[in-house]
Each structure stands twice: as structure tokens, then as C-alpha cells.
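K.L.:
Got a structure for you, written out below as C-alpha cells; questions coming shortly.
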Amino acid sequence: LAKTTQPISMDSYEGQEVNITCSHNNIATNDYITWYQQFPSQGPRFIIQGYKTKVTNEVASLFIPADRKSSTLSLPRVSLSDTAVYYCLVHRGSQGNLIFGKGTKLSVKP
Amino acid sequence: DAGVTQSPTHLIKTRGQQVTLRCSPISGHKSVSWYQQVLGQGPQFIFQYYEKEERGRGNFPDRFSARQFPNYSSELNVNALLLGDSALYLCASSLEWGALYNEQFFGPGTRLTVL
């Protein structure tokens, strides 16, 4: 499974757009990219998932370049409640062994 | 619809004891996975079960075991507890196993403290 690298922490202010980039140089053809959000003492929550190009849902966008060696999670107009740890995962289909790294701790300030 | 539920919420045990954690998946989901999350780290995969059979196992000692019941609920057992077993134990359920992609839905976790 591809290893992922993402910043340990990021700071932002309310109303700003936040972009978190994850590198996964060894991604395989059948691998998907998924981002999870986790608040303290809660289970991770699925945010968005993609395979290539751009995916958008009601909470975020995911940009994946053609070589798929990286991906960028974009959170538009963050609020204080977006303060959380964000995990980038690369996984093959339905395998249960999702490999989480340390994630990116996003702190949103007023 | 109810999400993934786990019990108990919190648990305190002493070294050497045994513990059983329980998980009920989302209705209709047939696969359950268990993860251990130590403070400051991401979740680490322990087991996956589908249709009562083990489908995957992470790098954990034999003190850790699990099973899945006909109603798809699951139990995680940990024997001979060590201080290092103190963690948040997460259960995740997904619809199927073997399909191209199945989103995993996580429960709130059980906080285990070993003294």
C-alpha cells in the first residue's frame, strides 16, 4: 500500500480556504484516495474520496493531478468547527486495513 | 438511521486482566473492522471480519482476538492487558467486502485505560 506524507499541522482563520496536500508517490493503478476528518475522542469521519481529476461534495473538494502522485483536499471558508485532524489515505478497494498516518492537525482561529 | 455503536464508552482495567469490547454495525452492513488509536497517532488496523470470517489481521499479538456474530455485530477481546493497550478502540462497518470500494463508517470508540 502506498505511503502518504502530509503536513503535521496547519493554521488558518475563519472564512479562509484551506488546502492540505498529501503526497503518495507509490500509488498503484487500483488505489483510491480518501480523506477522513477526526475530532478528539471521536471516530474518523469520511470526507471525500477520489480516483483522478477533481471531486466535489457539499463539504470539500479533492484535486488529483494526472500522475496521481499527490492530492489536495480543499476546504472552502473554514469555521472554528473545522478544527480537527485530517487524514489522507491511499487504499485498494474494500480492504479493511486502512493505513492511517499521523494526519494534519488543522487549527482554525477566529 | 443509527450509526455504528460501541460499548462500553469508557473502561478502566488493571494489568493482566481481560477485556471485551462490543460493536454493532450500521443496519445492512456485513463487514466490521477494528482499529486501535493511541493518543497522538492515527488509528492502526487490528482485524476485519466479513460474514463471520476473518478477512484481515494487522500486526497485533495473539492476545488480541475478535469474532463476528450472525447478526454482524462483533466483539474484540484483549487478554493479559498491558499498560500499552491503553487506547481508543474504534469499530468501523462497511456494506460489503470484495467490491471495488466500500466506505468505512466509524463508531465513537471505546476508551480503554489500563492501570
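Ordering of the C-alpha cells sets the chain letters (A, B, ...); residue numbers start at 1 within each chain; ligands are numbered from 1 in the order shown.
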At a cut-off of 10 Å, list the chain A residues touching chain B, using only C-alpha atoms, as JSON, numbers by chain.

P.N.:
{"A": [30, 31, 32, 34, 38, 40, 41, 42, 43, 44, 45, 46, 48, 49, 85, 86, 87, 91, 92, 93, 94, 95, 96, 97, 98, 99, 100, 101, 102, 103]}

K.L.:
Which residues come within 8 Å of Ile20 of chain A, counting only C-alpha atoms, excluding same-chain residues fewer than 2 positions away, as number ranges by chain?

P.N.:
A: 6-7, 18, 22, 72-74, 104

K.L.:
Write the residues you've just listed into a file as a compact mmCIF listing (two decimals), in the first residue's frame, and include C-alpha atoms for each of them.

P.N.:
# COMPACT_ATOMS: atom_id res chain seq x y z
CA GLN A 6 1.16 15.26 4.71
CA PRO A 7 1.99 18.28 6.88
CA VAL A 18 -7.63 25.72 3.40
CA CYS A 22 -0.80 14.84 0.53
CA THR A 72 -5.10 18.25 -2.34
CA LEU A 73 -8.05 18.49 0.00
CA SER A 74 -9.68 21.91 -0.26
CA THR A 104 -2.67 17.01 9.60

K.L.:
Can you tell me which residues surround segment 11-13 of chain A at a distance of at most 8 Å, considering only C-alpha atoms, apart from same-chain residues fewer than 2 positions away, and format the answer as a PyMOL selection string?

P.N.:
chain A and resi 9+15-16+18+78-79+106-110

K.L.:
So that I can check the surroundings of Lys69 of chain A, please list as a ChimeraX atom specification every protein, DNA and RNA residue that reaches within 8 Å of it, counting only C-alpha atoms and ignoring chain neighbours fewer than 4 positions away.

P.N.:
/A:23-27,65

K.L.:
I need the residues from that last selection saved to file as a PDB file, in the first residue's frame (with N, CA, C and O atoms), if you can.

P.N.:
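File again_10.pdb, as written:
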ATOM      1  N   SER A  23       1.162  13.744  -0.359  1.00  0.00           N
ATOM      2  CA  SER A  23       1.919  13.097  -1.431  1.00  0.00           C
ATOM      3  C   SER A  23       1.865  11.591  -1.265  1.00  0.00           C
ATOM      4  O   SER A  23       1.930  11.079  -0.143  1.00  0.00           O
ATOM      5  N   HIS A  24       1.716  10.903  -2.364  1.00  0.00           N
ATOM      6  CA  HIS A  24       1.660   9.425  -2.370  1.00  0.00           C
ATOM      7  C   HIS A  24       2.331   8.946  -3.638  1.00  0.00           C
ATOM      8  O   HIS A  24       1.655   8.528  -4.599  1.00  0.00           O
ATOM      9  N   ASN A  25       3.653   9.012  -3.647  1.00  0.00           N
ATOM     10  CA  ASN A  25       4.425   8.747  -4.855  1.00  0.00           C
ATOM     11  C   ASN A  25       4.278   7.332  -5.386  1.00  0.00           C
ATOM     12  O   ASN A  25       4.454   7.092  -6.574  1.00  0.00           O
ATOM     13  N   ASN A  26       3.985   6.386  -4.495  1.00  0.00           N
ATOM     14  CA  ASN A  26       3.932   4.985  -4.918  1.00  0.00           C
ATOM     15  C   ASN A  26       2.512   4.484  -5.138  1.00  0.00           C
ATOM     16  O   ASN A  26       2.270   3.275  -5.076  1.00  0.00           O
ATOM     17  N   ILE A  27       1.604   5.380  -5.438  1.00  0.00           N
ATOM     18  CA  ILE A  27       0.219   4.971  -5.621  1.00  0.00           C
ATOM     19  C   ILE A  27       0.109   4.008  -6.802  1.00  0.00           C
ATOM     20  O   ILE A  27       0.749   4.189  -7.831  1.00  0.00           O
ATOM     21  N   PRO A  65      -3.946  15.392  -9.522  1.00  0.00           N
ATOM     22  CA  PRO A  65      -3.324  15.619 -10.828  1.00  0.00           C
ATOM     23  C   PRO A  65      -3.264  14.338 -11.640  1.00  0.00           C
ATOM     24  O   PRO A  65      -3.516  13.245 -11.125  1.00  0.00           O
TER      25      PRO A  65
END

K.L.:
If you measure from atom CA of Ala66 of chain A to atom CA of Thr21 of chain A, what distance in Å do you get, rounded to one decimal?

P.N.:
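Distance between the two atoms: 15.0 Å.
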
K.L.:
Which residues are near Ser73 of chain B? Cut-off 9 Å, only C-alpha atoms, ignore same chain within fewer than 5 positions. Put them as JSON, numbers by chain.

P.N.:
{"B": [22, 23, 24, 25, 30, 32, 67, 68]}

K.L.:
Quote the spacing between atom CA of Lys105 of chain A and atom CA of Glu14 of chain A in Å to one decimal place.

P.N.:
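Those two atoms sit 15.5 Å apart.
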
K.L.:
From the options A:Ala84, A:Phe39, A:Leu89, A:Glu17, which residue's atoms come nearest to Ala60 of chain A, counting only C-alpha atoms?

P.N.:
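Ranked by minimum distance to Ala60 of chain A, first place goes to A:Glu17.
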
K.L.:
Would you compute the distance between atom CA of Leu112 of chain B and atom CA of Leu82 of chain B? Give it in Å to one decimal.

P.N.:
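The value is 11.1 Å.
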